[in-house]
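The next block is run.txt, given as compact mmCIF, C-alpha atoms.
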# COMPACT_ATOMS: atom_id res chain seq x y z
CA MET A 1 23.43 -54.05 3.46
CA ILE A 2 25.19 -56.66 5.61
CA LYS A 3 21.82 -58.19 6.53
CA ASN A 4 21.10 -58.56 2.82
CA GLY A 5 24.13 -60.50 1.68
CA TRP A 6 27.05 -58.06 1.63
CA THR A 7 29.05 -60.14 4.10
CA GLY A 8 32.50 -60.72 2.58
CA PHE A 9 33.42 -64.40 2.34
CA SER A 10 30.76 -66.52 3.97
CA GLN A 11 31.76 -69.86 5.47
CA LYS A 12 28.62 -71.54 4.14
CA ASN A 13 29.37 -70.21 0.66
CA PHE A 14 33.08 -70.92 0.60
CA SER A 15 34.50 -74.30 1.50
CA ASN A 16 38.10 -73.20 1.98
CA LYS A 17 38.25 -71.95 5.58
CA GLU A 18 41.87 -70.87 5.17
CA ASN A 19 40.87 -68.37 2.48
CA ILE A 20 38.07 -66.99 4.66
CA GLU A 21 40.46 -66.51 7.58
CA ASP A 22 43.07 -64.89 5.32
CA PHE A 23 40.48 -62.52 3.91
CA ASN A 24 39.12 -61.53 7.30
CA LYS A 25 42.62 -60.79 8.57
CA GLN A 26 43.50 -58.49 5.67
CA ASN A 27 40.19 -56.92 4.73
CA LYS A 28 36.97 -55.51 6.11
CA VAL A 29 33.44 -56.14 4.92
CA VAL A 30 32.64 -52.42 5.26
CA LEU A 31 35.32 -49.98 4.12
CA TYR A 32 35.16 -46.36 5.32
CA ASN A 33 36.76 -43.28 3.74
CA VAL A 34 38.74 -45.25 1.20
CA SER A 35 40.95 -43.90 -1.56
CA GLU A 36 41.34 -45.33 -5.04
CA LYS A 37 44.74 -46.65 -3.98
CA GLU A 38 43.21 -48.47 -1.00
CA LEU A 39 40.51 -50.01 -3.21
CA ASN A 40 43.21 -51.20 -5.61
CA GLU A 41 45.04 -52.80 -2.69
CA ASN A 42 41.82 -54.43 -1.50
CA LEU A 43 41.26 -55.84 -5.00
CA LYS A 44 44.86 -57.01 -5.17
CA ASN A 45 44.43 -58.98 -1.94
CA ILE A 46 41.21 -60.62 -3.12
CA ILE A 47 42.68 -61.57 -6.50
CA PHE A 48 45.61 -63.18 -4.68
CA ILE A 49 43.35 -65.09 -2.28
CA ASN A 50 41.16 -66.34 -5.12
CA ASN A 51 44.15 -67.37 -7.28
CA LYS A 52 46.64 -68.72 -4.75
CA GLU A 53 47.22 -71.96 -6.62
CA LYS A 54 47.84 -70.26 -9.96
CA LEU A 55 50.16 -67.76 -8.29
CA ASN A 56 51.97 -70.52 -6.40
CA ASN A 57 51.08 -68.73 -3.16
CA ILE A 58 53.28 -65.80 -4.25
CA GLU A 59 51.58 -62.41 -3.95
CA LEU A 60 51.07 -60.03 -6.85
CA THR A 61 53.66 -57.30 -7.26
CA ASP A 62 52.65 -53.65 -7.55
CA THR A 63 53.59 -53.70 -11.23
CA GLU A 64 51.45 -56.78 -11.85
CA MET A 65 48.54 -54.96 -10.24
CA GLU A 66 49.29 -51.98 -12.48
CA GLN A 67 48.87 -54.31 -15.47
CA ILE A 68 45.36 -55.15 -14.28
CA ILE A 69 44.38 -51.51 -13.72
CA GLN A 70 45.81 -50.61 -17.13
CA LYS A 71 43.62 -53.28 -18.73
CA PHE A 72 40.61 -51.73 -16.98
CA ASN A 73 41.55 -48.32 -18.38
CA GLN A 74 41.77 -49.74 -21.89
CA LEU A 75 38.22 -51.13 -21.89
CA GLY A 76 36.83 -47.95 -23.44
CA SER A 77 33.14 -48.52 -22.66
CA PHE A 78 30.85 -50.06 -20.08
CA VAL A 79 29.84 -52.65 -22.68
CA GLN A 80 33.45 -53.85 -22.71
CA ALA A 81 33.58 -53.59 -18.92
CA ASN A 82 30.55 -55.89 -18.68
CA LYS A 83 32.18 -58.36 -21.07
CA CYS A 84 35.37 -58.19 -19.01
CA LEU A 85 33.49 -59.03 -15.80
CA ASN A 86 31.42 -61.82 -17.30
CA GLY A 87 34.49 -63.20 -19.03
CA GLU A 88 35.57 -63.98 -15.45
CA TYR A 89 39.34 -63.94 -16.05
CA ILE A 90 42.04 -61.40 -16.80
CA THR A 91 45.62 -62.02 -17.93
CA ILE A 92 48.86 -60.64 -16.57
CA LYS A 93 52.48 -61.33 -17.32
CA ARG A 94 54.19 -62.45 -14.12
CA ASP A 95 57.13 -60.25 -13.22
CA ASN A 96 57.71 -61.64 -9.73
CA PRO A 97 61.01 -63.59 -9.96
CA LYS A 98 59.96 -65.66 -6.93
CA HIS A 99 57.45 -67.45 -9.17
CA ILE A 100 60.12 -69.28 -11.17
CA GLU A 101 57.78 -71.46 -13.27
CA LYS A 102 55.64 -68.56 -14.50
CA TYR A 103 58.14 -65.69 -14.48
CA GLY A 104 57.74 -63.74 -17.73
CA LYS A 105 54.73 -65.83 -18.75
CA GLU A 106 51.02 -65.06 -18.96
CA VAL A 107 48.75 -66.13 -16.11
CA PHE A 108 44.94 -66.16 -16.23
CA LEU A 109 43.47 -64.77 -13.01
CA TYR A 110 39.89 -65.20 -11.80
CA ILE A 111 38.26 -61.84 -11.06
CA PHE A 112 34.49 -62.42 -11.24
CA GLY A 113 32.22 -65.46 -11.16
CA ARG A 114 29.08 -65.22 -13.29
CA LYS A 115 27.53 -68.20 -11.57
CA ASP A 116 29.32 -67.90 -8.22
CA ILE A 117 26.29 -66.11 -6.83
CA SER A 118 26.33 -66.25 -3.02
CA ALA A 119 28.73 -69.12 -3.55
CA GLY A 120 32.16 -70.15 -4.77
CA LYS A 121 34.84 -67.52 -4.47
CA SER A 122 32.60 -64.46 -4.46
CA VAL A 123 33.33 -61.71 -1.92
CA TYR A 124 30.76 -59.00 -1.15
CA GLN A 125 31.80 -55.69 0.44
CA VAL A 126 30.43 -52.20 1.02
CA ALA A 127 32.58 -49.08 0.63
CA ARG A 128 31.42 -45.78 2.11
CA GLN A 129 32.74 -42.31 1.28
CA VAL A 130 34.92 -43.43 -1.60
CA GLN A 131 37.40 -40.93 -3.01
CA LEU A 132 36.92 -40.67 -6.76
CA PRO A 133 39.47 -39.47 -9.31
CA GLY A 134 38.61 -36.44 -11.42
CA LYS A 135 40.06 -33.74 -13.61
CA ARG A 136 38.77 -30.75 -11.68
CA HIS A 137 38.71 -31.64 -8.00
CA SER A 138 38.44 -34.64 -5.71
CA LYS A 139 35.02 -36.07 -4.86
CA ARG A 140 33.54 -38.75 -2.65
CA ALA A 141 30.95 -41.30 -3.70
CA ASP A 142 28.46 -41.95 -0.91
CA LEU A 143 28.38 -45.72 -1.31
CA MET A 144 29.84 -48.37 -3.57
CA LEU A 145 29.03 -52.07 -3.59
CA LEU A 146 31.97 -54.34 -4.38
CA ILE A 147 31.99 -57.86 -5.77
CA ASN A 148 35.42 -59.49 -5.44
CA GLY A 149 36.83 -56.07 -4.65
CA ILE A 150 35.48 -54.53 -7.86
CA PRO A 151 33.09 -51.57 -7.46
CA VAL A 152 30.07 -52.55 -9.56
CA ILE A 153 27.30 -50.34 -8.12
CA HIS A 154 27.68 -46.64 -7.27
CA MET A 155 25.03 -45.07 -5.03
CA GLU A 156 24.40 -41.42 -4.23
CA LEU A 157 22.15 -40.88 -1.22
CA LYS A 158 19.94 -37.89 -0.41
CA LYS A 159 17.76 -36.96 2.56
CA ASP A 160 13.97 -36.60 2.32
CA ASN A 161 14.26 -32.82 1.99
CA GLU A 162 16.67 -33.12 -0.95
CA SER A 163 15.55 -33.93 -4.48
CA ILE A 164 16.38 -37.19 -6.21
CA GLY A 165 17.37 -35.00 -9.15
CA ALA A 166 20.24 -33.63 -7.09
CA ALA A 167 21.63 -37.16 -6.83
CA THR A 168 21.28 -37.90 -10.55
CA THR A 169 22.93 -34.56 -11.38
CA GLN A 170 25.76 -35.39 -9.00
CA ILE A 171 26.28 -38.72 -10.75
CA LYS A 172 26.36 -37.03 -14.15
CA ASN A 173 28.93 -34.56 -12.84
CA TYR A 174 31.13 -37.46 -11.75
CA ALA A 175 30.85 -38.99 -15.22
CA SER A 176 31.59 -35.66 -16.91
CA ASP A 177 34.66 -35.24 -14.74
CA LYS A 178 36.05 -38.65 -15.85
CA SER A 179 35.66 -40.24 -12.43
CA TYR A 180 34.88 -43.70 -13.86
CA THR A 181 38.45 -44.62 -14.69
CA GLY A 182 40.86 -47.23 -13.37
CA ILE A 183 39.11 -49.60 -10.99
CA PHE A 184 35.96 -47.46 -11.37
CA SER A 185 35.85 -48.30 -15.10
CA LEU A 186 33.93 -51.42 -14.09
CA VAL A 187 31.05 -49.66 -12.30
CA GLN A 188 27.96 -51.14 -13.97
CA ILE A 189 24.96 -49.60 -12.23
CA LEU A 190 24.34 -46.06 -10.97
CA VAL A 191 21.77 -45.53 -8.21
CA ALA A 192 20.20 -42.33 -6.85
CA MET A 193 18.31 -42.86 -3.62
CA GLN A 194 16.25 -41.14 -0.93
CA PRO A 195 14.57 -42.84 2.03
CA ASN A 196 11.39 -43.21 -0.06
CA LYS A 197 12.61 -43.12 -3.65
CA MET A 198 15.17 -45.00 -5.73
CA VAL A 199 16.09 -44.78 -9.40
CA TYR A 200 18.85 -46.56 -11.29
CA THR A 201 20.54 -46.68 -14.68
CA PRO A 202 23.26 -48.74 -16.29
CA ASN A 203 26.48 -46.78 -16.52
CA ILE A 204 26.45 -44.86 -19.80
CA THR A 205 29.46 -44.42 -22.08
CA ASN A 206 28.07 -41.44 -24.01
CA ILE A 207 27.73 -38.86 -21.25
CA LYS A 208 25.31 -36.78 -23.34
CA ASN A 209 22.77 -39.58 -22.87
CA LEU A 210 23.13 -39.58 -19.08
CA ASN A 211 20.30 -37.46 -17.70
CA HIS A 212 17.27 -37.65 -15.40
CA ASN A 213 15.31 -39.56 -18.04
CA SER A 214 17.99 -42.29 -18.09
CA PHE A 215 16.98 -43.43 -14.61
CA TYR A 216 14.19 -45.89 -13.82
CA SER A 217 12.52 -47.16 -10.68
CA TRP A 218 12.42 -50.84 -9.69
CA THR A 219 9.08 -52.62 -9.49
CA ASN A 220 7.64 -55.71 -7.84
CA PHE A 221 5.96 -58.67 -9.56
CA ASP A 222 2.75 -56.64 -10.01
CA ASN A 223 4.76 -53.82 -11.64
CA ILE A 224 4.26 -51.52 -8.65
CA GLU A 225 7.19 -49.25 -7.86
CA ILE A 226 9.24 -50.20 -4.81
CA THR A 227 9.99 -46.97 -2.98
CA HIS A 228 11.01 -47.48 0.67
CA TRP A 229 14.78 -47.81 1.01
CA GLN A 230 14.57 -50.99 3.07
CA LYS A 231 12.40 -52.74 0.48
CA VAL A 232 14.72 -51.51 -2.28
CA VAL A 233 17.68 -53.10 -0.51
CA GLU A 234 15.77 -56.34 0.13
CA ASN A 235 14.54 -56.67 -3.47
CA PHE A 236 17.06 -54.89 -5.69
CA LEU A 237 20.37 -54.24 -3.95
CA CYS A 238 20.56 -57.52 -2.05
CA ILE A 239 22.68 -60.56 -2.79
CA PRO A 240 21.91 -62.59 -4.89
CA MET A 241 19.88 -60.00 -6.87
CA ALA A 242 22.62 -57.39 -7.34
CA HIS A 243 25.06 -60.04 -8.54
CA ARG A 244 22.50 -61.44 -11.00
CA LEU A 245 21.74 -57.97 -12.36
CA ILE A 246 25.29 -57.86 -13.66
CA SER A 247 25.81 -61.49 -14.62
CA ASP A 248 22.33 -62.50 -15.86
CA PHE A 249 20.19 -59.42 -16.43
CA SER A 250 22.61 -57.13 -18.24
CA VAL A 251 23.03 -56.86 -22.01
CA PRO A 252 26.27 -55.46 -23.46
CA ASP A 253 24.74 -54.01 -26.64
CA SER A 254 27.46 -53.77 -29.28
CA GLN A 255 25.12 -51.98 -31.69
CA ASP A 256 25.03 -48.67 -29.80
CA ASN A 257 27.95 -49.50 -27.48
CA GLU A 258 25.78 -48.98 -24.41
CA LEU A 259 25.11 -51.33 -21.52
CA LYS A 260 21.52 -52.36 -20.87
CA ILE A 261 20.14 -53.46 -17.49
CA LEU A 262 16.72 -55.11 -17.58
CA ARG A 263 13.76 -53.28 -16.08
CA GLY A 264 11.79 -54.72 -13.16
CA TYR A 265 8.96 -56.18 -15.26
CA GLN A 266 11.50 -57.82 -17.61
CA PHE A 267 13.28 -59.43 -14.67
CA HIS A 268 10.04 -60.77 -13.18
CA ALA A 269 8.96 -62.25 -16.53
CA ILE A 270 12.26 -64.08 -16.97
CA ASN A 271 12.43 -65.11 -13.33
CA SER A 272 8.94 -66.66 -13.42
CA ILE A 273 9.78 -68.78 -16.47
CA GLU A 274 13.19 -69.71 -15.06
CA LYS A 275 11.51 -70.99 -11.89
CA LYS A 276 9.28 -73.29 -13.94
CA PHE A 277 12.32 -74.82 -15.61
CA LYS A 278 14.28 -75.00 -12.36
CA ASN A 279 11.48 -76.66 -10.39
CA LEU A 280 10.55 -79.20 -13.07
CA GLY A 281 13.95 -79.81 -14.64
CA SER A 282 13.90 -82.20 -17.59
CA LYS A 283 10.34 -83.22 -16.66
CA ILE A 284 9.11 -79.98 -18.20
CA TRP A 285 9.35 -81.66 -21.61
CA GLU A 286 7.25 -84.67 -20.58
CA GLN A 287 3.57 -85.17 -21.37
CA GLU A 288 2.62 -85.69 -17.74
CA ILE A 289 4.07 -85.66 -14.22
CA ASP A 290 2.67 -88.01 -11.57
CA GLY A 291 -0.26 -88.78 -13.82
CA LYS A 292 -1.15 -85.12 -14.37
CA ASN A 293 -1.22 -83.87 -17.95
CA ILE A 294 1.14 -80.90 -18.29
CA GLU A 295 1.22 -80.57 -22.05
CA GLY A 296 0.09 -76.96 -21.78
CA ILE A 297 3.20 -76.00 -19.82
CA LYS A 298 5.20 -76.19 -23.03
CA GLY A 299 3.53 -73.01 -24.26
CA GLY A 300 3.91 -69.50 -22.94
CA HIS A 301 4.47 -65.91 -23.92
CA VAL A 302 6.05 -62.65 -22.78
CA TRP A 303 3.29 -60.05 -22.66
CA HIS A 304 4.85 -56.62 -22.04
CA THR A 305 3.11 -53.70 -23.69
CA THR A 306 4.19 -52.33 -27.09
CA GLY A 307 7.64 -50.74 -27.04
CA SER A 308 8.56 -52.06 -23.60
CA GLY A 309 11.25 -54.53 -24.64
CA LYS A 310 9.56 -57.89 -25.31
CA THR A 311 12.24 -58.79 -27.85
CA LEU A 312 15.04 -58.07 -25.40
CA THR A 313 13.25 -60.00 -22.62
CA SER A 314 12.75 -63.01 -24.89
CA PHE A 315 16.33 -62.87 -26.14
CA LYS A 316 17.74 -62.75 -22.62
CA LEU A 317 15.41 -65.55 -21.51
CA GLY A 318 16.61 -67.81 -24.32
CA HIS A 319 20.22 -67.03 -23.49
CA LEU A 320 19.75 -67.89 -19.81
CA LEU A 321 17.85 -71.12 -20.52
CA LEU A 322 20.87 -72.28 -22.51
CA ASP A 323 23.41 -70.86 -20.09
CA TYR A 324 21.91 -72.64 -17.08
CA LYS A 325 21.31 -75.81 -19.15
CA TYR A 326 17.53 -75.70 -18.79
CA ALA A 327 17.35 -76.35 -22.55
CA ASP A 328 19.64 -77.93 -25.12
CA LEU A 329 18.45 -75.77 -28.00
CA VAL A 330 16.68 -72.42 -28.28
CA ILE A 331 15.47 -71.17 -31.67
CA PHE A 332 15.09 -67.41 -31.61
CA VAL A 333 13.27 -65.78 -34.53
CA VAL A 334 13.66 -62.02 -34.55
CA ASP A 335 12.93 -59.14 -36.90
CA ARG A 336 16.13 -57.24 -36.14
CA THR A 337 19.83 -58.01 -36.28
CA GLU A 338 21.36 -56.01 -33.44
CA LEU A 339 20.57 -58.55 -30.70
CA GLY A 340 22.55 -61.22 -32.48
CA THR A 341 25.76 -59.21 -32.72
For this file, write the structure as structure tokens.
Amino acid sequence: MIKNGWTGFSQKNFSNKENIEDFNKQNKVVLYNVSEKELNENLKNIIFINNKEKLNNIELTDTEMEQIIQKFNQLGSFVQANKCLNGEYITIKRDNPKHIEKYGKEVFLYIFGRKDISAGKSVYQVARQVQLPGKRHSKRADLMLLINGIPVIHMELKKDNESIGAATTQIKNYASDKSYTGIFSLVQILVAMQPNKMVYTPNITNIKNLNHNSFYSWTNFDNIEITHWQKVVENFLCIPMAHRLISDFSVPDSQDNELKILRGYQFHAINSIEKKFKNLGSKIWEQEIDGKNIEGIKGGHVWHTTGSGKTLTSFKLGHLLLDYKYADLVIFVVDRTELGT
């Protein structure tokens, strides 16, 4: 994972060397055998480092951190969790009397950067053997991937001689036992993985809908399943891809109150069109570039098969073209209302 972007603060990605040094002193890139309390403390440190100016270089108190965790608990669904992350900021009321100017007042704290992908203030960590809360008995998640200290991807790993179904069942048991609470309320993607098989699903609020059929494989540009664990990490679980899955390729669907994560073929369709806009910039709207007629580039289409999510792909594409300022206006004509809510 470290070879594929999960490297904490990177000096090339973060200009403030003091923050990098502070982080490396207090935290580790790979966390082993960590409790929920230790993850909360790790998050607390990262929030402080990323908000030093707003906090007047005065650390968060335990009760201020409790405010943050309480807000996570109040989200109620993974749709709201996704909106919380991509909203980028969370508010607390300062109760540290050392911060005289803000004592008793609300402060907006940066927790997640939608566009700080391999850049800005983003911190990437790996947590192994994570103790999860639960009603019946304690459990340990095999692996969790953290962005800015927040666990966003939960992975259960199995050997070749164990079924992938055992991993998906294990994940459902965690959900049934109310393990995704507190800091774990923000887990966005669930992954079951063997050395030669990987399936994933967005975290599901209605546990009845979380089953083996909820999980999908990831595919390459030619829509061929990627199976070997190393290729999965390089193409799906790497940075920047894992970060973009949450910030760019997720859809918090308010209609059914369930989070959607785009499938492989949907990602590749959007990514191909995005690259055209990125490479050509404003020239994409011109009649010709360097004397070459490019009028035909203005036309295109998304050509998934029937029932595979063309509307969702097109909707997300339009949203991203606006979001990344590749277009000033996108007109989206659709035969359903739920995508606009």
Inset, instruction - Please indicate the distance in Å from CA of Tyr32 in chain A to CA of Leu143 in chain A, rounded to one decimal place. - result: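 Computed distance, CA of Tyr32 in chain A to CA of Leu143 in chain A, equals 9.5 Å.
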Legend entry - Selection as a PyMOL selection string: residues within 12 Å of (54.7, -54.4, -12.7), counting all atoms listed in the file: chain A and resi 60-70+92-97+103-104
Using all atoms listed in the file, which residues sit within 9 Å of Leu85 in chain A once same-chain residues fewer than 5 positions away are excluded, as a short mmCIF file (atom, residue, chain, number, x, y, z; two decimals) with C-alpha atoms, in the frame of the given file?
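Generated output (result.cif):
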data_model
loop_
_atom_site.label_atom_id
_atom_site.label_comp_id
_atom_site.auth_asym_id
_atom_site.auth_seq_id
_atom_site.Cartn_x
_atom_site.Cartn_y
_atom_site.Cartn_z
CA GLN A 80 33.45 -53.85 -22.71
CA ILE A 90 42.04 -61.40 -16.80
CA ILE A 111 38.26 -61.84 -11.06
CA PHE A 112 34.49 -62.42 -11.24
CA GLY A 113 32.22 -65.46 -11.16
CA ARG A 114 29.08 -65.22 -13.29
CA LEU A 186 33.93 -51.42 -14.09
CA ILE A 246 25.29 -57.86 -13.66
CA SER A 247 25.81 -61.49 -14.62
#
Inset, instruction - Write out as a VMD selection string each polymer residue whose atoms come within 10 Å of range 200-209 of chain A, counting all atoms listed in the file; drop sequence neighbours fewer than 6 positions from it. - result: chain A and resid 76 to 79 152 to 155 168 171 to 173 175 to 176 178 180 185 to 193 215 to 218 246 250 to 251 256 to 263
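The residue set within 12 Å of Asn161 in chain A, counting all atoms listed in the file and dropping same-chain residues fewer than 6 places from it, reads Gln194, Pro195, Asn196 and Lys197 of chain A.
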Inset, instruction - Counting all atoms listed in the file, figure out which residue out of A:Phe249, A:Tyr110, A:Phe72, A:Phe315 gets nearest to Gly182 in chain A. - result: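 Ranking A:Phe249, A:Tyr110, A:Phe72, A:Phe315 by distance to Gly182 in chain A, first place goes to A:Phe72.
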Inset, instruction - Provide the CA of Ser35 in chain A to CA of Thr7 in chain A distance in Å, to one decimal place. - result: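 Computing the Euclidean distance for CA of Ser35 in chain A and CA of Thr7 in chain A yields 20.9 Å.
Counting only C-alpha atoms and comparing A:Val29, A:Val107, A:Leu312, A:Leu321, the residue that lies closest to Asn148 in chain A is A:Val29.
If all atoms listed in the file are the atoms counted, then among A:Leu320, A:Ile270, A:Lys98, A:Thr169 the closest residue to Ser214 in chain A is A:Thr169.
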Legend entry - CA of Asp116 in chain A to CA of Asp253 in chain A, straight-line distance in Å: 23.5 Å
Inset, instruction - Name the residues within 12 Å of (4.1, -55.0, -21.2), counting only C-alpha atoms in the file's coordinates, and put them as a PyMOL selection string. - result: chain A and resi 222-223+263-266+268-269+301-311+313
